[in-house]
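Student: As input, take protein26.tsv (TSV, C-alpha atoms):
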chain	number	residue	atom	x	y	z
A	1	ARG	CA	0.00	0.00	0.00
A	2	PHE	CA	1.42	3.33	-1.04
A	3	SER	CA	1.09	6.56	0.90
A	4	ASP	CA	-0.09	9.63	-1.00
A	5	GLN	CA	1.84	11.89	1.35
A	6	ARG	CA	4.37	14.01	-0.51
A	7	TYR	CA	7.61	15.45	0.83
A	8	PRO	CA	9.63	18.40	-0.47
A	9	VAL	CA	12.90	17.47	-2.15
A	10	ARG	CA	16.05	19.41	-2.89
A	11	LYS	CA	16.28	20.85	-6.40
A	12	GLU	CA	19.61	19.55	-7.62
A	13	ILE	CA	21.36	21.90	-10.03
A	14	ILE	CA	23.97	19.81	-11.83
A	15	LEU	CA	27.22	21.63	-12.55
A	16	PRO	CA	30.82	20.49	-13.05
A	17	ALA	CA	32.18	19.42	-9.67
A	18	GLN	CA	35.38	21.37	-10.31
A	19	VAL	CA	36.55	24.18	-12.57
A	20	GLY	CA	40.24	25.01	-12.83
A	21	GLY	CA	40.98	22.86	-9.81
A	22	PHE	CA	38.40	24.62	-7.61
A	23	ASN	CA	35.10	23.33	-6.26
A	24	VAL	CA	31.96	25.08	-7.51
A	25	TYR	CA	29.59	26.35	-4.80
A	26	LYS	CA	26.13	27.78	-5.48
A	27	ALA	CA	25.56	30.83	-3.31
A	28	ASP	CA	23.12	33.65	-2.58
A	29	LEU	CA	24.94	36.64	-1.10
A	30	HIS	CA	21.94	38.90	-0.36
A	31	THR	CA	18.95	37.79	1.75
A	32	HIS	CA	16.58	39.19	4.39
A	33	SER	CA	14.38	37.81	7.17
A	34	VAL	CA	12.02	39.25	9.80
A	35	TYR	CA	15.14	40.54	11.55
A	36	SER	CA	15.04	43.42	9.06
A	37	ASP	CA	12.28	43.66	6.43
A	38	GLY	CA	11.81	40.09	5.21
A	39	SER	CA	8.72	38.03	5.93
A	40	VAL	CA	10.23	34.73	7.16
A	41	SER	CA	12.61	33.55	9.87
A	42	PRO	CA	16.37	33.02	9.42
A	43	GLN	CA	15.74	29.30	9.96
A	44	PHE	CA	13.29	29.27	7.06
A	45	ARG	CA	15.84	31.04	4.86
A	46	VAL	CA	18.32	28.22	5.49
A	47	ARG	CA	15.83	25.44	4.70
A	48	GLU	CA	14.56	27.31	1.65
A	49	ALA	CA	18.10	27.71	0.29
A	50	TRP	CA	18.80	24.01	0.74
A	51	TYR	CA	15.63	23.04	-1.12
A	52	ASP	CA	16.56	25.54	-3.85
A	53	GLY	CA	19.84	23.69	-4.40
A	54	LEU	CA	22.25	26.18	-2.81
A	55	ASP	CA	25.41	25.37	-0.87
A	56	VAL	CA	26.20	28.78	0.64
A	57	LEU	CA	23.93	31.49	2.05
A	58	ALA	CA	24.81	34.99	3.24
A	59	ILE	CA	22.64	36.49	5.98
A	60	THR	CA	22.56	40.24	5.31
A	61	GLU	CA	19.93	42.03	7.38
A	62	HIS	CA	19.65	45.80	7.08
A	63	ILE	CA	21.48	47.68	9.82
A	64	GLU	CA	19.37	50.85	9.62
A	65	TYR	CA	16.04	49.57	8.30
A	66	ARG	CA	14.32	47.06	10.62
A	67	PRO	CA	10.55	47.76	10.49
A	68	PHE	CA	9.47	44.47	12.06
A	69	GLU	CA	11.67	45.05	15.07
A	70	LYS	CA	9.63	48.15	15.93
A	71	GLN	CA	6.54	45.95	16.06
A	72	PHE	CA	7.74	43.01	18.13
A	73	MET	CA	10.34	44.84	20.24
A	74	GLY	CA	8.27	47.95	21.02
A	75	TYR	CA	7.33	46.96	24.57
A	76	LEU	CA	10.84	46.06	25.63
A	77	ASN	CA	12.34	49.14	23.98
A	78	ALA	CA	9.85	51.33	25.85
A	79	GLN	CA	11.37	50.13	29.09
A	80	GLY	CA	14.76	51.42	28.01
A	81	ASP	CA	16.54	48.22	28.98
A	82	THR	CA	16.87	46.31	25.70
A	83	LYS	CA	18.99	46.79	22.60
A	84	PRO	CA	18.61	44.65	19.48
A	85	ASP	CA	21.47	42.27	18.68
A	86	LEU	CA	22.32	42.73	15.01
A	87	ASN	CA	24.17	39.40	15.05
A	88	ALA	CA	21.10	37.40	16.12
A	89	ALA	CA	19.90	36.47	12.63
A	90	VAL	CA	23.33	35.18	11.69
A	91	SER	CA	23.58	33.09	14.86
A	92	GLN	CA	20.16	31.54	14.32
A	93	ALA	CA	20.91	30.75	10.69
A	94	GLN	CA	24.23	29.13	11.61
A	95	LYS	CA	22.54	26.87	14.15
A	96	GLU	CA	19.92	25.81	11.61
A	97	ALA	CA	22.49	25.33	8.85
A	98	ALA	CA	24.26	22.66	10.89
A	99	HIS	CA	21.27	20.38	10.19
A	100	TRP	CA	21.05	21.11	6.46
A	101	ASP	CA	24.58	20.92	5.06
A	102	MET	CA	24.50	24.65	4.33
A	103	PHE	CA	27.32	27.10	4.92
A	104	ILE	CA	26.48	30.55	6.28
A	105	ILE	CA	28.43	33.71	5.49
A	106	PRO	CA	27.84	36.30	8.24
A	107	GLY	CA	27.01	39.72	6.90
A	108	THR	CA	24.80	42.80	6.97
A	109	GLU	CA	23.50	45.48	4.63
A	110	ILE	CA	24.46	49.13	5.01
A	111	THR	CA	21.27	50.77	3.75
A	112	ARG	CA	20.92	54.45	2.94
A	113	ASN	CA	18.84	56.32	0.36
A	114	GLY	CA	19.07	54.14	-2.73
A	115	THR	CA	19.24	56.90	-5.31
A	116	LYS	CA	21.29	59.48	-3.38
A	117	VAL	CA	23.70	57.25	-1.43
A	118	GLY	CA	23.43	53.52	-2.22
A	119	HIS	CA	23.24	50.13	-0.53
A	120	PHE	CA	26.19	47.91	0.35
A	121	ASN	CA	26.51	44.38	1.71
A	122	ALA	CA	29.31	43.69	4.15
A	123	LEU	CA	30.23	40.00	3.96
A	124	PHE	CA	32.30	37.97	6.45
A	125	THR	CA	31.59	40.43	9.26
A	126	LYS	CA	32.60	39.72	12.84
A	127	ASP	CA	30.27	42.04	14.78
A	128	ASN	CA	27.36	43.76	13.05
A	129	ASN	CA	26.65	45.82	16.17
A	130	THR	CA	29.76	47.95	15.65
A	131	ILE	CA	29.40	48.84	11.95
A	132	TYR	CA	26.85	51.67	11.91
A	133	ASP	CA	28.02	55.26	11.47
A	134	GLU	CA	26.05	58.33	10.46
A	135	ASP	CA	28.44	58.68	7.54
A	136	PRO	CA	27.72	55.71	5.20
A	137	VAL	CA	31.29	55.65	3.88
A	138	GLN	CA	32.60	55.44	7.44
A	139	ALA	CA	30.19	52.56	8.07
A	140	ILE	CA	31.78	50.78	5.11
A	141	ARG	CA	35.21	51.51	6.58
A	142	ASN	CA	34.04	50.04	9.89
A	143	ALA	CA	33.06	46.84	8.11
A	144	LYS	CA	36.37	46.71	6.23
A	145	ASN	CA	38.23	47.17	9.51
A	146	GLN	CA	36.66	43.89	10.64
A	147	GLY	CA	38.11	42.20	7.57
A	148	ALA	CA	34.79	42.20	5.68
A	149	LEU	CA	34.42	42.22	1.92
A	150	VAL	CA	31.99	44.85	0.65
A	151	MET	CA	29.61	44.36	-2.27
A	152	HIS	CA	27.84	47.25	-3.98
A	153	ASN	CA	24.18	46.22	-4.18
A	154	HIS	CA	21.79	46.74	-7.13
A	155	PRO	CA	23.69	49.73	-8.61
A	156	GLY	CA	20.84	50.58	-11.00
A	157	TRP	CA	17.93	50.19	-8.60
A	158	ARG	CA	15.42	53.05	-8.93
A	159	LYS	CA	18.02	55.03	-10.88
A	160	THR	CA	17.96	56.21	-14.50
A	161	SER	CA	21.67	55.47	-15.00
A	162	LEU	CA	24.59	53.59	-13.51
A	163	ASP	CA	26.37	56.83	-12.60
A	164	TYR	CA	27.97	56.90	-9.16
A	165	THR	CA	26.33	58.71	-6.28
A	166	PRO	CA	28.83	60.83	-4.27
A	167	ALA	CA	29.00	58.13	-1.56
A	168	GLU	CA	29.47	55.36	-4.12
A	169	LYS	CA	32.25	57.29	-5.87
A	170	ALA	CA	34.00	57.92	-2.55
A	171	ALA	CA	33.80	54.24	-1.62
A	172	TYR	CA	35.11	53.08	-5.01
A	173	ASP	CA	37.88	55.66	-5.14
A	174	GLU	CA	39.02	54.68	-1.65
A	175	GLY	CA	39.20	51.02	-2.68
A	176	LEU	CA	36.49	49.94	-0.25
A	177	ILE	CA	34.42	47.97	-2.79
A	178	ASP	CA	35.29	44.33	-3.53
A	179	GLY	CA	32.37	43.25	-5.71
A	180	VAL	CA	29.12	44.32	-7.34
A	181	GLU	CA	25.70	42.78	-7.87
A	182	VAL	CA	25.47	42.42	-11.63
A	183	MET	CA	22.02	40.91	-11.10
A	184	ASN	CA	19.54	41.57	-8.29
A	185	THR	CA	16.16	39.79	-8.22
A	186	ASN	CA	15.11	40.19	-11.89
A	187	GLU	CA	17.22	43.23	-12.73
A	188	PHE	CA	20.38	42.72	-14.78
A	189	TYR	CA	22.98	45.49	-15.20
A	190	PRO	CA	25.24	44.46	-18.12
A	191	GLY	CA	27.18	47.73	-17.93
A	192	ILE	CA	28.43	46.74	-14.49
A	193	VAL	CA	30.36	43.79	-15.95
A	194	ASP	CA	32.76	46.23	-17.59
A	195	ARG	CA	33.12	48.15	-14.33
A	196	CYS	CA	34.03	44.95	-12.50
A	197	ARG	CA	36.58	43.98	-15.13
A	198	GLU	CA	38.19	47.41	-15.09
A	199	ARG	CA	38.40	47.54	-11.30
A	200	GLY	CA	39.09	43.85	-10.60
A	201	LEU	CA	35.87	43.27	-8.63
A	202	PHE	CA	33.91	40.05	-8.21
A	203	ILE	CA	30.48	39.84	-9.86
A	204	ALA	CA	27.43	38.46	-8.10
A	205	ALA	CA	23.84	37.51	-8.90
A	206	CYS	CA	21.61	37.62	-5.83
A	207	SER	CA	17.96	37.18	-4.93
A	208	ASP	CA	17.74	39.96	-2.31
A	209	ILE	CA	14.84	37.79	-1.17
A	210	HIS	CA	12.28	39.26	1.21
A	211	GLY	CA	9.29	36.98	0.65
A	212	THR	CA	9.78	33.36	-0.41
A	213	THR	CA	11.63	32.11	-3.46
A	214	HIS	CA	8.72	29.79	-4.21
A	215	ASN	CA	6.40	32.75	-4.63
A	216	ASP	CA	8.91	35.00	-6.39
A	217	TYR	CA	10.43	32.40	-8.72
A	218	GLY	CA	8.96	28.91	-8.35
A	219	TYR	CA	5.45	29.69	-9.53
A	220	SER	CA	6.90	31.23	-12.69
A	221	GLY	CA	9.23	28.31	-13.31
A	222	TYR	CA	12.45	30.23	-12.68
A	223	LEU	CA	15.45	29.48	-10.50
A	224	ARG	CA	16.50	32.09	-7.97
A	225	PRO	CA	19.56	34.12	-8.99
A	226	MET	CA	22.77	32.68	-7.61
A	227	THR	CA	26.49	33.29	-7.62
A	228	LEU	CA	28.85	30.45	-8.48
A	229	ILE	CA	31.93	30.63	-6.26
A	230	LEU	CA	35.07	28.74	-7.25
A	231	ALA	CA	36.79	27.90	-3.96
A	232	LYS	CA	39.11	25.29	-2.45
A	233	ASP	CA	36.40	24.26	0.02
A	234	ASN	CA	33.34	25.72	1.74
A	235	SER	CA	35.18	27.10	4.74
A	236	LEU	CA	34.91	30.77	5.68
A	237	GLU	CA	38.55	31.31	4.73
A	238	SER	CA	38.31	29.65	1.31
A	239	LEU	CA	35.06	31.33	0.30
A	240	LYS	CA	36.40	34.72	1.31
A	241	GLU	CA	39.64	34.10	-0.59
A	242	ALA	CA	37.68	33.12	-3.70
A	243	LEU	CA	35.57	36.29	-3.64
A	244	ALA	CA	38.62	38.47	-2.98
A	245	ALA	CA	40.30	36.80	-5.97
A	246	ASP	CA	37.24	37.45	-8.17
A	247	ARG	CA	36.56	33.75	-8.80
A	248	THR	CA	32.80	34.02	-9.32
Before anything else, please render the file you have as C-alpha cells.
Tutor:
Amino acid sequence: RFSDQRYPVRKEIILPAQVGGFNVYKADLHTHSVYSDGSVSPQFRVREAWYDGLDVLAITEHIEYRPFEKQFMGYLNAQGDTKPDLNAAVSQAQKEAAHWDMFIIPGTEITRNGTKVGHFNALFTKDNNTIYDEDPVQAIRNAKNQGALVMHNHPGWRKTSLDYTPAEKAAYDEGLIDGVEVMNTNEFYPGIVDRCRERGLFIAACSDIHGTTHNDYGYSGYLRPMTLILAKDNSLESLKEALAADRT
C-alpha cells in the first residue's frame, strides 16, 4: 500500500564538480528575514536555500532599516533596557544550517537612500553591532576594519543610469568595494560587468529575497539568482579568498 503523502525534495542543479581545480559552490549573497524587512525567519531562509539547491547562504539584514523590530520589540524598547542584537539572525541561521549541510556567510546590509547614497553588503563580518556610522562611507570603513568584503548592491535600482552617487564614488575611489551585484532579483545590469573587469571586482547575482523564493520564482518556473563561487572548500577562509580573488 502506497502513501499519497508528498515530501519536499532538494532541487539539484547539476554543474561540473570542479573548474580550474576549484570546487563550484552555489551561493546567494543577499537575503533578508524578519530581523530586518523580510517576511520569514532566518531558519526558514536556510531550509529554503537548501531546497533551492544552494550550498552557501549569506545572511545580510539591514542595519538601519528594521521595520518588524519596531513591532515586536516595542514593549521592551519602551522600558529602556533592551537593545537589538544585530548578530542574532546570523547566529540563528548558523545553528539551523548545521542540520542542512548549508554554509552561512555572516554579513549585513548598510542601507541608505538608494538613489542618493546607495546600498552595500558587508560580507564575512565579525560584529554587526559595531558597523553603523552616520556617515555611510565610514560605516563601510568600519566593516572593512573587521576584515569584511563589501559588495555594492543593485547599482541601477530606482536610478535612471549607472552613474555613481557621491557616496558610491567615494567608496570606489578609496578602494572599499570588492564586488558588485550584476544581477539583483530580476534586474540585470550588463554595464556593471565592464566596471568589474576594469576595477578587478567580483560579480554576483543575488535574490535579495524578502518573501519566499517559491512565490517569487517557483510559480513562474524560474530558478532564484545565484552566484557560483570557485573555492578550495566551503570554509569561511576559502570562500572569502575566492571572492577576494574574483573567482565568481
Student: A:Thr115, A:Ser41, A:Asn153, A:Asn234: which is nearest Val90 (chain A), counting only C-alpha atoms?
Tutor: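 The shortest atom-to-atom distance to Val90 (chain A) comes from A:Ser41.
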Student: With 5 Å of padding per side, what axis-aligned box (centre and edge lengths, Å, one decimal) covers all the listed atoms of region 23-34 of chain A? Give it as lines of an AutoDock Vina configuration file.
Tutor:
center_x = 23.6
center_y = 31.3
center_z = 1.1
size_x = 33.1
size_y = 25.9
size_z = 27.3
Student: One decimal, in Å: what's the spacing between CA of Asn121 (chain A) and CA of Arg247 (chain A)?
Tutor: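 For CA of Asn121 (chain A) relative to CA of Arg247 (chain A), the distance reads 18.0 Å.
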Student: Can you tell me, as a PyMOL selection string, what residues are no more than 6 Å from region 28-32 of chain A when counting only C-alpha atoms, ignoring any on the same chain fewer than 5 positions away?
Tutor: chain A and resi 38+57-61+206+208-210+226
Student: Hey, which of A:Pro8, A:Gly179, A:Gly218, A:Pro42 ends up closest to Leu201 (chain A)? Count all atoms listed in the file.
Tutor: A:Gly179
Student: Hey, which of A:Met102, A:Ile14, A:Ile192, A:Ala97 ends up closest to Asp163 (chain A)? Count only C-alpha atoms.
Tutor: A:Ile192
Student: Compare A:Ile13, A:Ala167, A:Val56, A:Val193 by their minimum atom-to-atom distance to Lys116 (chain A), counting all atoms listed in the file, and give me the closest one.
Tutor: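 Of A:Ile13, A:Ala167, A:Val56, A:Val193, the one nearest Lys116 (chain A), counting all atoms listed in the file, is A:Ala167.
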Student: Figure out the distance between CA of Glu237 (chain A) and CA of Phe124 (chain A), please, to one decimal in Å.
Tutor: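 Pair CA of Phe124 (chain A) / CA of Glu237 (chain A) returns 9.3 Å.
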Student: Considering all atoms listed in the file, state which residue in the set A:Asn23, A:Asn142, A:Gln43, A:Thr248 is at the smallest distance from Cys196 (chain A).
Tutor: A:Thr248
Student: Go through A:Ile203, A:Val9, A:Val137, A:Met183 and flag the residue nearest Leu228 (chain A), using only C-alpha atoms for the distances.
Tutor: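 The shortest atom-to-atom distance to Leu228 (chain A) comes from A:Ile203.
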Student: For Val40 (chain A), work out the shell of residues within 12 Å, counting all atoms listed in the file and skipping chain neighbours fewer than 3 positions away, then give it as a VMD selection string.
Tutor: chain A and resid 31 to 37 43 to 48 68 89 93 209 to 213
Student: Env of His154 (chain A): 6 Å cut, atoms = only C-alpha atoms, seq-sep filter 3 positions within chain, self excluded. Answer as an NGL selection string.
Tutor: :A and (157 or 181 or 184)
Student: For region 21-40 of chain A, which lacks atoms in the input, supply N, CA, C and O atoms and format the output as a PDB file, in the coordinates of the input.
Tutor:
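Output below, filename result_24.pdb:
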ATOM      1  N   GLY A  21      40.445  23.375 -11.052  1.00  0.00           N
ATOM      2  CA  GLY A  21      40.980  22.860  -9.810  1.00  0.00           C
ATOM      3  C   GLY A  21      40.251  23.338  -8.566  1.00  0.00           C
ATOM      4  O   GLY A  21      40.644  23.008  -7.446  1.00  0.00           O
ATOM      5  N   PHE A  22      39.178  24.114  -8.738  1.00  0.00           N
ATOM      6  CA  PHE A  22      38.400  24.620  -7.610  1.00  0.00           C
ATOM      7  C   PHE A  22      37.006  23.990  -7.594  1.00  0.00           C
ATOM      8  O   PHE A  22      36.437  23.693  -8.637  1.00  0.00           O
ATOM      9  N   ASN A  23      36.478  23.798  -6.393  1.00  0.00           N
ATOM     10  CA  ASN A  23      35.100  23.330  -6.260  1.00  0.00           C
ATOM     11  C   ASN A  23      34.144  24.460  -6.620  1.00  0.00           C
ATOM     12  O   ASN A  23      34.459  25.638  -6.436  1.00  0.00           O
ATOM     13  N   VAL A  24      32.967  24.088  -7.125  1.00  0.00           N
ATOM     14  CA  VAL A  24      31.960  25.080  -7.510  1.00  0.00           C
ATOM     15  C   VAL A  24      30.841  25.077  -6.467  1.00  0.00           C
ATOM     16  O   VAL A  24      30.182  24.061  -6.252  1.00  0.00           O
ATOM     17  N   TYR A  25      30.625  26.228  -5.835  1.00  0.00           N
ATOM     18  CA  TYR A  25      29.590  26.350  -4.800  1.00  0.00           C
ATOM     19  C   TYR A  25      28.516  27.337  -5.269  1.00  0.00           C
ATOM     20  O   TYR A  25      28.825  28.421  -5.773  1.00  0.00           O
ATOM     21  N   LYS A  26      27.276  26.941  -5.095  1.00  0.00           N
ATOM     22  CA  LYS A  26      26.130  27.780  -5.480  1.00  0.00           C
ATOM     23  C   LYS A  26      25.722  28.617  -4.278  1.00  0.00           C
ATOM     24  O   LYS A  26      25.400  28.083  -3.221  1.00  0.00           O
ATOM     25  N   ALA A  27      25.730  29.939  -4.449  1.00  0.00           N
ATOM     26  CA  ALA A  27      25.560  30.830  -3.310  1.00  0.00           C
ATOM     27  C   ALA A  27      24.557  31.946  -3.601  1.00  0.00           C
ATOM     28  O   ALA A  27      24.372  32.352  -4.747  1.00  0.00           O
ATOM     29  N   ASP A  28      23.918  32.423  -2.535  1.00  0.00           N
ATOM     30  CA  ASP A  28      23.120  33.650  -2.580  1.00  0.00           C
ATOM     31  C   ASP A  28      23.713  34.582  -1.533  1.00  0.00           C
ATOM     32  O   ASP A  28      23.719  34.260  -0.339  1.00  0.00           O
ATOM     33  N   LEU A  29      24.203  35.723  -1.970  1.00  0.00           N
ATOM     34  CA  LEU A  29      24.940  36.640  -1.100  1.00  0.00           C
ATOM     35  C   LEU A  29      24.114  37.824  -0.625  1.00  0.00           C
ATOM     36  O   LEU A  29      24.672  38.793  -0.102  1.00  0.00           O
ATOM     37  N   HIS A  30      22.774  37.748  -0.746  1.00  0.00           N
ATOM     38  CA  HIS A  30      21.940  38.900  -0.360  1.00  0.00           C
ATOM     39  C   HIS A  30      20.549  38.393  -0.004  1.00  0.00           C
ATOM     40  O   HIS A  30      19.736  38.092  -0.885  1.00  0.00           O
ATOM     41  N   THR A  31      20.246  38.300   1.298  1.00  0.00           N
ATOM     42  CA  THR A  31      18.950  37.790   1.750  1.00  0.00           C
ATOM     43  C   THR A  31      18.478  38.558   2.990  1.00  0.00           C
ATOM     44  O   THR A  31      19.281  39.151   3.709  1.00  0.00           O
ATOM     45  N   HIS A  32      17.165  38.496   3.246  1.00  0.00           N
ATOM     46  CA  HIS A  32      16.580  39.190   4.390  1.00  0.00           C
ATOM     47  C   HIS A  32      15.532  38.324   5.082  1.00  0.00           C
ATOM     48  O   HIS A  32      14.866  37.500   4.444  1.00  0.00           O
ATOM     49  N   SER A  33      15.386  38.515   6.379  1.00  0.00           N
ATOM     50  CA  SER A  33      14.380  37.810   7.170  1.00  0.00           C
ATOM     51  C   SER A  33      13.610  38.838   8.003  1.00  0.00           C
ATOM     52  O   SER A  33      13.769  40.041   7.832  1.00  0.00           O
ATOM     53  N   VAL A  34      12.781  38.347   8.938  1.00  0.00           N
ATOM     54  CA  VAL A  34      12.020  39.250   9.800  1.00  0.00           C
ATOM     55  C   VAL A  34      12.933  40.078  10.708  1.00  0.00           C
ATOM     56  O   VAL A  34      12.468  41.028  11.345  1.00  0.00           O
ATOM     57  N   TYR A  35      14.220  39.745  10.746  1.00  0.00           N
ATOM     58  CA  TYR A  35      15.140  40.540  11.550  1.00  0.00           C
ATOM     59  C   TYR A  35      15.501  41.859  10.868  1.00  0.00           C
ATOM     60  O   TYR A  35      16.229  42.663  11.437  1.00  0.00           O
ATOM     61  N   SER A  36      14.998  42.069   9.653  1.00  0.00           N
ATOM     62  CA  SER A  36      15.040  43.420   9.060  1.00  0.00           C
ATOM     63  C   SER A  36      13.693  43.657   8.397  1.00  0.00           C
ATOM     64  O   SER A  36      12.734  44.026   9.058  1.00  0.00           O
ATOM     65  N   ASP A  37      13.565  43.402   7.088  1.00  0.00           N
ATOM     66  CA  ASP A  37      12.280  43.660   6.430  1.00  0.00           C
ATOM     67  C   ASP A  37      11.799  42.490   5.588  1.00  0.00           C
ATOM     68  O   ASP A  37      10.983  42.657   4.687  1.00  0.00           O
ATOM     69  N   GLY A  38      12.313  41.283   5.869  1.00  0.00           N
ATOM     70  CA  GLY A  38      11.810  40.090   5.210  1.00  0.00           C
ATOM     71  C   GLY A  38      10.592  39.544   5.930  1.00  0.00           C
ATOM     72  O   GLY A  38      10.217  40.044   6.998  1.00  0.00           O
ATOM     73  N   SER A  39       9.974  38.524   5.366  1.00  0.00           N
ATOM     74  CA  SER A  39       8.720  38.030   5.930  1.00  0.00           C
ATOM     75  C   SER A  39       8.824  36.622   6.514  1.00  0.00           C
ATOM     76  O   SER A  39       7.811  36.042   6.893  1.00  0.00           O
ATOM     77  N   VAL A  40      10.048  36.068   6.603  1.00  0.00           N
ATOM     78  CA  VAL A  40      10.230  34.730   7.160  1.00  0.00           C
ATOM     79  C   VAL A  40      11.383  34.749   8.158  1.00  0.00           C
ATOM     80  O   VAL A  40      12.114  35.727   8.267  1.00  0.00           O
TER      81      VAL A  40
END
